[in-house]
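All remarks here apply to the structure that follows.
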Amino acid sequence: MEEERKDKFLAPENEIRQVAAPDGSIIEVDPLEDYFTQERPKPYKVRKGPVENFLNWARAESLWVLGFGTGCGSIEIPPLVTPRYDMFRFGVQMRATPRQSNVFIISGYLSVKTLKRVIRTYEQMPSPKYVMGLGSCTINGGMYFDSYNTINRLDHYLPVDVYIAGCMPRPEALLAGFAKLKELIKEGKGHKANEYVENFDWYKDNQKKVINDWNMPDYNW
Amino acid sequence: MDIKKLLTPLTAWGNITKDPVTIKDPLNERPGADRYRGFHRNDVEVCIGCGTCEEICENEAIDMVAIAETKDGDSGLRPMIDYGRCCWCALCVDVCTTNSLSMSNEYTWVTTDPEDFRFVPGVDKKDWDKGDKGWKKPENYEFYSIKRVHMEELSPEERNGSFIEMMKGYSKEQAEKEADRCVECGICTATCPAHMGIPEYIKAIRNDDLEEGLRILYDTNPLPEICGRICTHKCESVCSMGHKGDPISIRWLKRYIADQNPSEKYKKILEVENLQPKDKKVAIIGSGPSGLSAAHYLALMGYQVKIFEKLEKAGGMMRYGIPEYRLPYDQIDKDINYILSLGVEIEYNVNIGTDISLEQLGKDYDAVFSGTGLQLGRSTGIEGSDNEHVYYSTDLLRKIAQGEEIEVAESIVVIGGGNVAMDITRSLARLQKEKYGKIQIITTSLEKEENMPADREEVVEAREEGCVINPGWAPKSIEIKDGIPTGLHVVKCNSLFDGEGRFNPQCDLDVKEFWPGTMIVQSIGQGMDISYITEEMREKLEFGPRGRVQTDEYFQTSLKWLFMGGDIIQGPDVIHGIANGHMAAVGIDRMLNPEK
Amino acid sequence: MEKSKLFTLNEDRSLYPEHDENGKPIVDLSSHKFLKIWQGPQHPGVTGNMSLELTVSGDEIVESKTHVGYLHRGFEKLMERRKYIQCFPTCIRMCVAEPDPNEYVLSNAIEELSGIEVPEMAKWLRTLVLEMARLQVLLRGVPGQAGTFALGLGYQWGNYLRDLILDSFEELTGGRVYHMYILPGGVRGLLPDGFKKRMEDKLKLIDEFMIKIDKLIFQNVVFESRARGLGYIPKEWVDVYGVYGPAARAAGVMRDVRKTNPYLKYSELDFEPYTTTDSDVFARTEVRYNDLKMTVDLIRQIMAKMPEKGDIKAETPNVMHWKIPKGETYSKCESSRGEYGMYMVSDGSDKPRRVNLKGPSYTHANALLDRLLINANIADTAAIMVSLATCPPEIER
Amino acid sequence: MQDTIKNLTERFGASNMIEKKPGLIFITIEQSKAISAVTYLRDIEGYTVLTLLTAVDWIEDNVFQLTYLLNNPEQITEIGLRVMIDREKAEMESAHHLWPNVEVYQRELKEMYGINFPGSPRIDENFILEGWNDKPPYRRDFDTKEYAENNFFPRPGRKTNDPAEYMKQKMYPNNPSDYTNKKYNPNR
């Protein structure tokens, strides 16, 4: 176990260490045990009939977007919050933490370093959750198709619900994206988060292929 | 704490009475600006599929896919754009050689399937195809110069009465500037029958590497000095630059490369100093473009080549059919002497069929290539055309080239609208000027001005020199008085072809004219003389339409040892001849060296 | 200068680490006196996508390390395999908020290396676009500073006005955020009809907004008490740490490329950049507020002085194979954050040998920010970062 | 400016001066004298601002060119010092004691070019990349497109045609394929 641990998790913050508790006592912490879960993810239950319809309606009308500007496209998100576009009236609002959000906007290219954080953040979001890919970069690499540091296709790493064309898409196109997402959720097609769970190994393989220092456990919720 | 500073910010509450700035329906209320760079549009009718957009796209977002039919100057490819790559920079629009590509002001496209984002604008119908707003190439700039670099030429006054070459050739700066205009689409390469590496040798000019340029020329064309002057330049007529401006002067650039390389260095530059000789012999009949071309490539392959030429000098129609002011004889000699220096033998004044029979050649040699060309003038067949003062242009041109004195009349009428007609017109005009000090010559053609087969510049230059070109008339009869023509009766010709595309001239007999002239020249095409092929052989040969011998793709006839090419197979055209000769050489090599 | 009462250090320094001779704190994490927290990359208080590794004692920062690289795309490498004309759509993504200086420095570097003179009209249009870009950034940035103290209202106003300027950009250049307007050799179009009038209407709105924002921010006791004395940059640090633009001018050092190395048409315009000496967050916001005023004035001057028509692009070689003579140059301009430069090396081929972009954020957000955050509160990190106008994509490129 | 150049030439053996535009010169200096020249410029001549420090890979000559671009805010002049260092043993004296932000430049150069600056703080820490296990990416012999194609997942199904080749086939379907190749001349 110790050996394996050494090979896998080189990050210093993942080493077993002693910390002081507020009362002054010293306790030992094993970050991998204590801070991460050891369980594989489970799909959430998709209900049937009017209950599910009601839930879908509720989900569609409260899209809470995680405030994580991953690329260029994030410059067009602030205008949506301001009165000119006012996305609150469509039930969309920004949240600061993944625990409160259900929509993740990947605003353009993802460098490998960000991808690692994005995966962690995505996994921390409660299901059902939705991913919107903005611009060319998430579809086929965009301008950075030949860059050594950006991924080419987002759908190899995360399940994507909606793509919006543009480099970068305008706020109006983003609103159209939200409208489309709502439509999908209401039709009951917004369960990509379960796809992620079902094809978990495939996604993890792809993620690990590009993230060279995978110094964290596979499960992040 | 300043109480004022506690209260002042509260003035912001004043905004509560103002109208909100919110856009009510942002999805529909906000079209892009007039210049917005939204989704692509392409006018597929105008697009020629040159691929320049693909070339300039820094994201490799554009693929050329086969959509339309390939025709002259249109590759049949159309750009397919991948919106998983595009960055909406509109460089493709600005660089488009035909201005067919533009962008609409639409910007909303949401989908769940990323594969949707690949589409062919103009072919895959989209909502934004119609509107006319959006980005178009700004009028005030181009990414390349669309104006041709002018080549200096003699003034019409200097040209008249002299056979000095009229085009002076490019200087280094001019050639590099002209070469810079090329966008390397390759439509010229595909159109050129010889598939010359045109973008490549233009690139060599830009890089100032004329030796490399010469090597590229000789890869496909062993007569660059000649072709650089008188090629029919199908490449230029399809040049993608010609859609917005002037096509690139590909021909003059070729001439520039050839002119700048001295003939004594050719062997070194072209790396032909130690060829591997083979013990097989090939005979070539005729030293026209196809014969010379075949001889050149066969010699490079190591064959022992011998050319049989009917006249006293080599070059065929290039020497005897094209006036000196367009193609000086020393330039012909430069190309031919190089080919002969590769070990090609040539025997002059040998007439196949009378001096030596074709069968004999076939027995003596491993293969025979015949490129005898079209030397016979074709008659109009109108009344009076059998008069002795009614000439064929081919005969006259040959005589001028041979230095023979010809009887130039004071007033001349030429029938014909092709390049040969222009050649004879301008040659006779020069002779008239020498002899009489003035020019009086009328040239007429069936075709209207815009459809005349002659090159545009030939017509313009002829007019500059004082010749009258009056197209759109059908010759009716030649009036003869005392055995000497007095002139030509013509009627207005309205159309040449009928609804089904057949040659069927429609004339308006009421509109007629009489053009006086004591010398009438017919220049309406040439016929071939294949009398050297005996009856016996004719039975073995297969014939195709229009009395031409049937050959395969390597110009091999049904007699395995006999290859035929050039004008007799392809019709009159120097570059076709060169291509045929080259291909026949490859064919002969394949036949004689089947193991390869 | 009166320092804010809200911003005081704990007088009992025994809980805090000692400093070595270079002024760096000696932090011993195993003493359990300190806590290490990360701010970013996913954090609403970080400009763009970067992160700060903060070591804190209580809520006071004792050590900070900037971590960048989340937005690295390798532009400088990518441009080495692009033709000169293809570099120009690529390079502008280096700073997202203010892309036009990228276009300008690249085009200017190419023009300098190949000896191309840009037509007059193009120079005027370039100046106009650069000022409009500055206007649009400052409209977001100045009230954005108040936003870091949770005063979001001005940010909302500013963003609305910025959107109006983006509409103008759209009319003129065809793009909303990425304009791709200044290209090597010139610009890509004349002003559309009625542009000047529509622009003037927007400038009038901005004039009104300037008064409102003054009342909302500078006459505001909350803003003043939090921003005064925060993130103080001594004058001596300006050269040592590489402080540029408004941040240097707030320290009383005149740093403005428009004034020192006038480029384009700036020598024909009448302006005097504002300087002050307080050198804290409040002073920097004040400088940028005055820059905003000056920019509005400059745009008016440009629109009045520029000719109506003219050539917009110099004749360049065919862009498909444009080769540039061997050489190197450094071309710079003044962005809203300070000197923005590009070092370009050409090896005589049709692609640049090396392109290196140097934006002010590179020095601002690394050594300087690490130094400024020491002794600041966690709650003030965002304010300090925004006052330096750090732009992560420009650091890592 | 003239005096500065004269001093640089005489005292530090600078050579190869090019004045790109008024107020901007580039000058080459030997590796061993580079840091003392930089110090001299900063302390004596008033070139107090380090505008940038970067490298150029001249792989053909097997050298890296380090460029120290110094700015004199008083005289408004800039001097670019070119220092050629061996590409095989890419190592340079650190200048972190002169400006605090040099350490960042040097970390970047270490990461992107593999140029080592012994003694520079945090020089071995990651700066931009994370878990990088290939050649330093800014080196000319690193092919970024190839790396991207091998490591990431480009969307399949793209196919393009070369207009010239496609047209040749369509317009002259009878032209045999061995017609245009160059095998007839064994020397070529």
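By order in the structure tokens, chains are A, B, ...; within a chain, residues start at 1; ligands start at 1, following the order shown.
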- Query: Counting only C-alpha atoms, which residues of chain B come no farther than 12 Å from chain A, as a ChimeraX atom specification?
  - Reply: /B:19-32,36-40,57-62,81-90,106-118
Mind listing as a PDB file with C-alpha atoms, in the first residue's frame which residues of chain C are within 7 Å of chain A, counting only C-alpha atoms?
```pdb
ATOM      1  CA  HIS C  32       0.803  24.624  12.975  1.00  0.00           C
ATOM      2  CA  GLN C  42     -12.257  28.339  -9.435  1.00  0.00           C
ATOM      3  CA  HIS C  43     -12.954  31.390  -7.336  1.00  0.00           C
ATOM      4  CA  PRO C  44     -15.137  34.400  -8.034  1.00  0.00           C
ATOM      5  CA  GLY C  48      -9.485  35.224 -14.904  1.00  0.00           C
ATOM      6  CA  ASN C  49      -8.255  31.741 -14.352  1.00  0.00           C
ATOM      7  CA  TYR C  70      -4.265  27.330 -16.455  1.00  0.00           C
ATOM      8  CA  LEU C  71      -4.745  29.267 -19.681  1.00  0.00           C
ATOM      9  CA  HIS C  72      -1.509  28.353 -21.397  1.00  0.00           C
ATOM     10  CA  ARG C  73      -2.016  27.600 -25.065  1.00  0.00           C
ATOM     11  CA  GLY C  74       1.554  27.978 -26.280  1.00  0.00           C
ATOM     12  CA  LEU C  78       1.927  28.081 -32.388  1.00  0.00           C
ATOM     13  CA  VAL C  96      -9.061  38.436 -23.942  1.00  0.00           C
ATOM     14  CA  ALA C  97     -10.327  41.592 -22.312  1.00  0.00           C
ATOM     15  CA  GLN C 156     -23.539  46.662 -13.724  1.00  0.00           C
ATOM     16  CA  ASN C 159     -20.829  46.597 -18.159  1.00  0.00           C
ATOM     17  CA  TYR C 160     -23.867  48.019 -19.877  1.00  0.00           C
TER      18      TYR C 160
END
```
- Task: Considering only C-alpha atoms, state which residue in the set B:Thr17, B:Ser102, B:Thr220, B:Ser145 is at the smallest distance from Gly131 of chain B.
- Result: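 Ranking B:Thr17, B:Ser102, B:Thr220, B:Ser145 by distance to Gly131 of chain B, first place goes to B:Ser102.
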Residue neighbourhood segment 385-389 of chain C, 8 Å, only C-alpha atoms, exclusion window fewer than 3 positions, as an mmCIF file with N, CA and C atoms, in the first residue's frame:
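And here's result10.cif as it stands now:
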```
data_model
loop_
_atom_site.group_PDB
_atom_site.id
_atom_site.type_symbol
_atom_site.label_atom_id
_atom_site.label_comp_id
_atom_site.auth_asym_id
_atom_site.auth_seq_id
_atom_site.Cartn_x
_atom_site.Cartn_y
_atom_site.Cartn_z
ATOM 1 N N VAL C 46 -11.012 35.923 -8.305
ATOM 2 C CA VAL C 46 -9.750 35.925 -9.031
ATOM 3 C C VAL C 46 -10.002 36.478 -10.424
ATOM 4 N N THR C 47 -9.106 37.334 -10.870
ATOM 5 C CA THR C 47 -9.276 37.836 -12.229
ATOM 6 C C THR C 47 -8.862 36.739 -13.186
ATOM 7 N N GLY C 141 -13.321 47.924 -15.790
ATOM 8 C CA GLY C 141 -12.310 47.834 -14.749
ATOM 9 C C GLY C 141 -12.522 48.801 -13.603
ATOM 10 N N GLY C 144 -15.351 47.830 -11.655
ATOM 11 C CA GLY C 144 -15.022 46.477 -11.217
ATOM 12 C C GLY C 144 -14.203 46.500 -9.948
ATOM 13 N N GLN C 145 -13.415 47.558 -9.797
ATOM 14 C CA GLN C 145 -12.633 47.701 -8.568
ATOM 15 C C GLN C 145 -13.554 47.803 -7.360
ATOM 16 N N THR C 148 -14.977 44.489 -6.277
ATOM 17 C CA THR C 148 -14.209 43.611 -5.391
ATOM 18 C C THR C 148 -14.505 43.877 -3.930
ATOM 19 N N ALA C 247 -0.655 51.817 -12.687
ATOM 20 C CA ALA C 247 -0.121 51.478 -11.376
ATOM 21 C C ALA C 247 1.125 52.307 -11.073
ATOM 22 N N VAL C 281 -4.651 51.228 -3.561
ATOM 23 C CA VAL C 281 -5.740 50.796 -4.441
ATOM 24 C C VAL C 281 -6.615 51.986 -4.818
ATOM 25 N N ARG C 284 -4.860 54.054 -7.456
ATOM 26 C CA ARG C 284 -4.825 53.388 -8.761
ATOM 27 C C ARG C 284 -6.189 53.449 -9.433
ATOM 28 N N THR C 285 -7.244 53.287 -8.620
ATOM 29 C CA THR C 285 -8.579 53.406 -9.200
ATOM 30 C C THR C 285 -8.802 54.821 -9.714
ATOM 31 N N ARG C 337 -3.417 48.560 -19.163
ATOM 32 C CA ARG C 337 -2.690 48.120 -17.966
ATOM 33 C C ARG C 337 -1.267 48.615 -17.944
ATOM 34 N N SER C 361 1.034 42.390 -17.000
ATOM 35 C CA SER C 361 0.596 41.431 -15.979
ATOM 36 C C SER C 361 1.705 40.479 -15.588
ATOM 37 N N HIS C 364 3.371 42.300 -12.940
ATOM 38 C CA HIS C 364 2.435 42.696 -11.898
ATOM 39 C C HIS C 364 1.955 41.508 -11.079
ATOM 40 N N ALA C 365 1.601 40.438 -11.763
ATOM 41 C CA ALA C 365 0.906 39.351 -11.060
ATOM 42 C C ALA C 365 1.856 38.360 -10.451
ATOM 43 N N LEU C 369 2.753 41.038 -7.062
ATOM 44 C CA LEU C 369 1.548 40.648 -6.328
ATOM 45 C C LEU C 369 1.931 39.834 -5.089
ATOM 46 N N THR C 381 -7.458 40.384 -1.192
ATOM 47 C CA THR C 381 -6.658 39.906 -2.323
ATOM 48 C C THR C 381 -7.281 40.298 -3.643
ATOM 49 N N ALA C 382 -8.595 40.118 -3.743
ATOM 50 C CA ALA C 382 -9.248 40.427 -5.006
ATOM 51 C C ALA C 382 -9.047 41.894 -5.359
#
```
Please identify all residues of chain B having at least one atom at most 7 Å from any atom of chain D, considering only C-alpha atoms, and return them as a CSV table (one decimal) with C-alpha atoms, in the first residue's frame.
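selection.csv was written with the following content:
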```
chain,number,residue,atom,x,y,z
B,49,GLY,CA,-12.6,25.6,-55.8
B,50,CYS,CA,-9.1,27.1,-55.9
B,51,GLY,CA,-8.5,26.1,-52.3
B,63,ASP,CA,-11.5,21.0,-46.4
B,64,MET,CA,-12.0,20.9,-50.1
B,65,VAL,CA,-14.7,18.4,-51.0
B,70,THR,CA,-15.0,19.8,-62.9
B,75,SER,CA,-11.8,22.3,-59.8
B,77,LEU,CA,-14.2,21.2,-55.2
B,185,CYS,CA,-3.8,27.1,-56.2
B,186,GLY,CA,-2.6,24.7,-58.9
B,187,ILE,CA,-5.6,25.1,-61.2
B,189,THR,CA,-1.1,22.8,-63.4
B,190,ALA,CA,-4.2,20.8,-63.7
B,219,ASP,CA,10.5,18.1,-65.8
B,271,GLU,CA,22.2,17.3,-64.1
B,272,VAL,CA,22.2,15.4,-67.4
B,297,TYR,CA,12.7,12.5,-72.7
B,300,LEU,CA,17.2,11.3,-70.9
B,301,MET,CA,16.1,7.7,-70.5
B,553,GLU,CA,-3.3,6.9,-73.5
B,583,MET,CA,3.7,10.8,-72.7
B,586,VAL,CA,6.9,7.3,-71.3
```
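Using only C-alpha atoms, the smallest distance between any of D:Pro100, D:Gly131, D:Gly119, D:Pro22 and chain C comes from D:Pro100.
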- Task: Pick out each residue of segment 330-578 of chain B that DSSP on the backbone tags as strand (DSSP E); I need them as a ChimeraX atom specification.
- Result: /B:345-347,367-370,374-377,390-392,412-415,441-445,468-471,473-481,484-497,503-516,519-522,526-528,562-564
- Query: Leaving out Leu55 of chain A and any residue of its chain fewer than 2 positions from it, which residues lie within 12 Å of it when counting only C-alpha atoms, given as a ChimeraX atom specification?
  - Reply: /A:45-53,57-62,128,185-188,190
Just the selected residues (N, CA and C atoms), exported as a PDB file, in the first residue's frame, please.
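Just written: part33.pdb:
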```pdb
ATOM      1  N   LYS A  45     -31.252   8.292  -9.492  1.00  0.00           N
ATOM      2  CA  LYS A  45     -32.418   7.572  -9.979  1.00  0.00           C
ATOM      3  C   LYS A  45     -33.254   8.469 -10.886  1.00  0.00           C
ATOM      4  N   VAL A  46     -33.516   8.002 -12.092  1.00  0.00           N
ATOM      5  CA  VAL A  46     -34.410   8.739 -12.978  1.00  0.00           C
ATOM      6  C   VAL A  46     -35.808   8.182 -12.759  1.00  0.00           C
ATOM      7  N   ARG A  47     -36.687   9.076 -12.317  1.00  0.00           N
ATOM      8  CA  ARG A  47     -38.044   8.614 -12.020  1.00  0.00           C
ATOM      9  C   ARG A  47     -38.876   8.589 -13.290  1.00  0.00           C
ATOM     10  N   LYS A  48     -40.132   8.213 -13.132  1.00  0.00           N
ATOM     11  CA  LYS A  48     -40.985   8.108 -14.316  1.00  0.00           C
ATOM     12  C   LYS A  48     -42.245   8.924 -14.132  1.00  0.00           C
ATOM     13  N   GLY A  49     -42.909   9.210 -15.244  1.00  0.00           N
ATOM     14  CA  GLY A  49     -44.227   9.823 -15.202  1.00  0.00           C
ATOM     15  C   GLY A  49     -44.204  11.260 -14.747  1.00  0.00           C
ATOM     16  N   PRO A  50     -45.310  11.694 -14.160  1.00  0.00           N
ATOM     17  CA  PRO A  50     -45.452  13.118 -13.813  1.00  0.00           C
ATOM     18  C   PRO A  50     -44.412  13.583 -12.812  1.00  0.00           C
ATOM     19  N   VAL A  51     -43.948  12.698 -11.962  1.00  0.00           N
ATOM     20  CA  VAL A  51     -42.958  13.114 -10.966  1.00  0.00           C
ATOM     21  C   VAL A  51     -41.692  13.591 -11.683  1.00  0.00           C
ATOM     22  N   GLU A  52     -41.257  12.753 -12.613  1.00  0.00           N
ATOM     23  CA  GLU A  52     -40.056  13.108 -13.349  1.00  0.00           C
ATOM     24  C   GLU A  52     -40.300  14.372 -14.166  1.00  0.00           C
ATOM     25  N   ASN A  53     -41.467  14.475 -14.760  1.00  0.00           N
ATOM     26  CA  ASN A  53     -41.764  15.688 -15.532  1.00  0.00           C
ATOM     27  C   ASN A  53     -41.692  16.920 -14.659  1.00  0.00           C
ATOM     28  N   TRP A  57     -39.040  19.906 -15.004  1.00  0.00           N
ATOM     29  CA  TRP A  57     -39.452  21.301 -15.135  1.00  0.00           C
ATOM     30  C   TRP A  57     -38.691  22.165 -14.130  1.00  0.00           C
ATOM     31  N   ALA A  58     -38.636  21.652 -12.906  1.00  0.00           N
ATOM     32  CA  ALA A  58     -37.953  22.415 -11.856  1.00  0.00           C
ATOM     33  C   ALA A  58     -36.477  22.583 -12.179  1.00  0.00           C
ATOM     34  N   ARG A  59     -35.877  21.510 -12.659  1.00  0.00           N
ATOM     35  CA  ARG A  59     -34.461  21.585 -12.999  1.00  0.00           C
ATOM     36  C   ARG A  59     -34.231  22.579 -14.138  1.00  0.00           C
ATOM     37  N   ALA A  60     -35.130  22.511 -15.139  1.00  0.00           N
ATOM     38  CA  ALA A  60     -34.943  23.370 -16.310  1.00  0.00           C
ATOM     39  C   ALA A  60     -35.093  24.835 -15.955  1.00  0.00           C
ATOM     40  N   GLU A  61     -35.953  25.119 -14.989  1.00  0.00           N
ATOM     41  CA  GLU A  61     -36.197  26.525 -14.670  1.00  0.00           C
ATOM     42  C   GLU A  61     -35.227  27.070 -13.630  1.00  0.00           C
ATOM     43  N   SER A  62     -34.351  26.239 -13.143  1.00  0.00           N
ATOM     44  CA  SER A  62     -33.344  26.780 -12.224  1.00  0.00           C
ATOM     45  C   SER A  62     -31.970  26.262 -12.606  1.00  0.00           C
ATOM     46  N   PRO A 128     -28.684  15.923 -10.974  1.00  0.00           N
ATOM     47  CA  PRO A 128     -28.263  15.936 -12.369  1.00  0.00           C
ATOM     48  C   PRO A 128     -27.559  17.242 -12.718  1.00  0.00           C
ATOM     49  N   ILE A 185     -33.858  19.309 -21.126  1.00  0.00           N
ATOM     50  CA  ILE A 185     -34.155  18.792 -19.780  1.00  0.00           C
ATOM     51  C   ILE A 185     -35.631  18.478 -19.674  1.00  0.00           C
ATOM     52  N   LYS A 186     -36.442  19.379 -20.229  1.00  0.00           N
ATOM     53  CA  LYS A 186     -37.882  19.149 -20.122  1.00  0.00           C
ATOM     54  C   LYS A 186     -38.310  17.912 -20.899  1.00  0.00           C
ATOM     55  N   GLU A 187     -37.586  17.619 -21.980  1.00  0.00           N
ATOM     56  CA  GLU A 187     -37.898  16.397 -22.730  1.00  0.00           C
ATOM     57  C   GLU A 187     -37.363  15.156 -22.046  1.00  0.00           C
ATOM     58  N   GLY A 188     -36.668  15.351 -20.953  1.00  0.00           N
ATOM     59  CA  GLY A 188     -36.109  14.198 -20.247  1.00  0.00           C
ATOM     60  C   GLY A 188     -34.811  13.707 -20.852  1.00  0.00           C
ATOM     61  N   GLY A 190     -31.870  15.200 -20.352  1.00  0.00           N
ATOM     62  CA  GLY A 190     -30.749  15.848 -19.684  1.00  0.00           C
ATOM     63  C   GLY A 190     -30.064  14.971 -18.662  1.00  0.00           C
TER      64      GLY A 190
END
```
- Message: Distance limit 8 Å, atoms considered: only C-alpha atoms. Which chain B residues sit that close to chain C? Return them as a ChimeraX atom specification.
- Response: /B:1-2,4-12,32-37,55-58,87,89,134-135,138,140-141,143-145,180-183
Write a file of the selected residues as a PDB file, in the first residue's frame, keeping C-alpha atoms.
```
ATOM      1  CA  MET B   1     -16.326  59.611   9.321  1.00  0.00           C
ATOM      2  CA  ASP B   2     -17.558  61.994   6.681  1.00  0.00           C
ATOM      3  CA  LYS B   4     -21.478  63.362   3.247  1.00  0.00           C
ATOM      4  CA  LYS B   5     -19.570  60.395   1.930  1.00  0.00           C
ATOM      5  CA  LEU B   6     -22.009  58.110   3.660  1.00  0.00           C
ATOM      6  CA  LEU B   7     -24.971  59.637   1.858  1.00  0.00           C
ATOM      7  CA  THR B   8     -23.668  60.498  -1.605  1.00  0.00           C
ATOM      8  CA  PRO B   9     -23.662  56.896  -2.881  1.00  0.00           C
ATOM      9  CA  LEU B  10     -27.344  56.714  -2.111  1.00  0.00           C
ATOM     10  CA  THR B  11     -27.968  59.025  -5.091  1.00  0.00           C
ATOM     11  CA  ALA B  12     -27.738  55.833  -7.126  1.00  0.00           C
ATOM     12  CA  GLY B  32     -25.576  41.161 -36.003  1.00  0.00           C
ATOM     13  CA  ALA B  33     -24.191  44.397 -37.379  1.00  0.00           C
ATOM     14  CA  ASP B  34     -23.984  44.952 -41.122  1.00  0.00           C
ATOM     15  CA  ARG B  35     -20.360  43.899 -41.152  1.00  0.00           C
ATOM     16  CA  TYR B  36     -20.721  41.135 -38.594  1.00  0.00           C
ATOM     17  CA  ARG B  37     -18.583  38.095 -39.132  1.00  0.00           C
ATOM     18  CA  GLU B  55      -4.474  27.399 -47.629  1.00  0.00           C
ATOM     19  CA  ILE B  56      -4.817  30.593 -45.599  1.00  0.00           C
ATOM     20  CA  CYS B  57      -6.893  29.112 -42.787  1.00  0.00           C
ATOM     21  CA  GLU B  58      -4.584  29.002 -39.801  1.00  0.00           C
ATOM     22  CA  CYS B  87     -12.208  31.287 -35.447  1.00  0.00           C
ATOM     23  CA  CYS B  89     -11.319  35.737 -38.640  1.00  0.00           C
ATOM     24  CA  GLY B 134     -22.541  40.364 -42.953  1.00  0.00           C
ATOM     25  CA  TRP B 135     -18.846  40.476 -43.725  1.00  0.00           C
ATOM     26  CA  PRO B 138     -13.623  45.271 -47.813  1.00  0.00           C
ATOM     27  CA  ASN B 140     -10.336  49.023 -50.288  1.00  0.00           C
ATOM     28  CA  TYR B 141      -7.780  46.327 -49.991  1.00  0.00           C
ATOM     29  CA  PHE B 143      -4.144  40.544 -49.913  1.00  0.00           C
ATOM     30  CA  TYR B 144      -2.287  40.337 -53.201  1.00  0.00           C
ATOM     31  CA  SER B 145      -1.842  42.562 -56.192  1.00  0.00           C
ATOM     32  CA  ASP B 180       4.595  37.254 -55.957  1.00  0.00           C
ATOM     33  CA  ARG B 181       0.994  37.449 -57.120  1.00  0.00           C
ATOM     34  CA  CYS B 182       0.596  33.688 -57.401  1.00  0.00           C
ATOM     35  CA  VAL B 183      -1.562  32.040 -54.738  1.00  0.00           C
TER      36      VAL B 183
END
```
- Message: So the first atom is atom CA of Glu45 of chain D and the second is atom CA of Thr77 of chain D; what is the distance between them in Å, to one decimal place?
- Response: 10.9 Å
- Task: Write out as a list in words the residues lying within 9 Å of Thr551 of chain B, counting only C-alpha atoms and excluding same-chain residues fewer than 6 positions away.
- Result: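 So the residues in contact are Glu542, Phe543, Gly544, Thr557, Ser558, Phe563, Met564, Gly565 and Ile569 of chain B.
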- Spatial neighbours of Thr372 of chain B, max dist 8 Å, only C-alpha atoms, sep filter under 3 positions, as a VMD selection string: chain B and resid 285 to 288 529 to 530 566 to 568
- Note on the structure: Counting only C-alpha atoms, the residue among D:Leu50, D:Ala148, D:Ile18, D:Ile128 that lies closest to chain C is D:Ile128
- For chain C, list the residues within 8 Å of chain D, counting only C-alpha atoms, and write the list as a list in words.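 The answer, sorted by residue number, is His67, Val68, Gly69, Tyr70, His72, Glu76, Lys77, Leu78, Asp239, Val240, Tyr241, Gly242, Thr260, Asn261, Glu328, Thr329, Tyr330, Val345, Arg353, Arg354, Asn356, Lys358, Thr363, Asn366, Ala367, Leu368 and Glu396 of chain C.
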- Residues within 10 Å of segment 296-304 of chain C, only C-alpha atoms, excluding chain neighbours under 2 positions, as a PyMOL selection string: chain C and resi 124-125+127-132+134-135+195-197+199-200+202-204+206-207+265-266+268-271+290-294+306-308
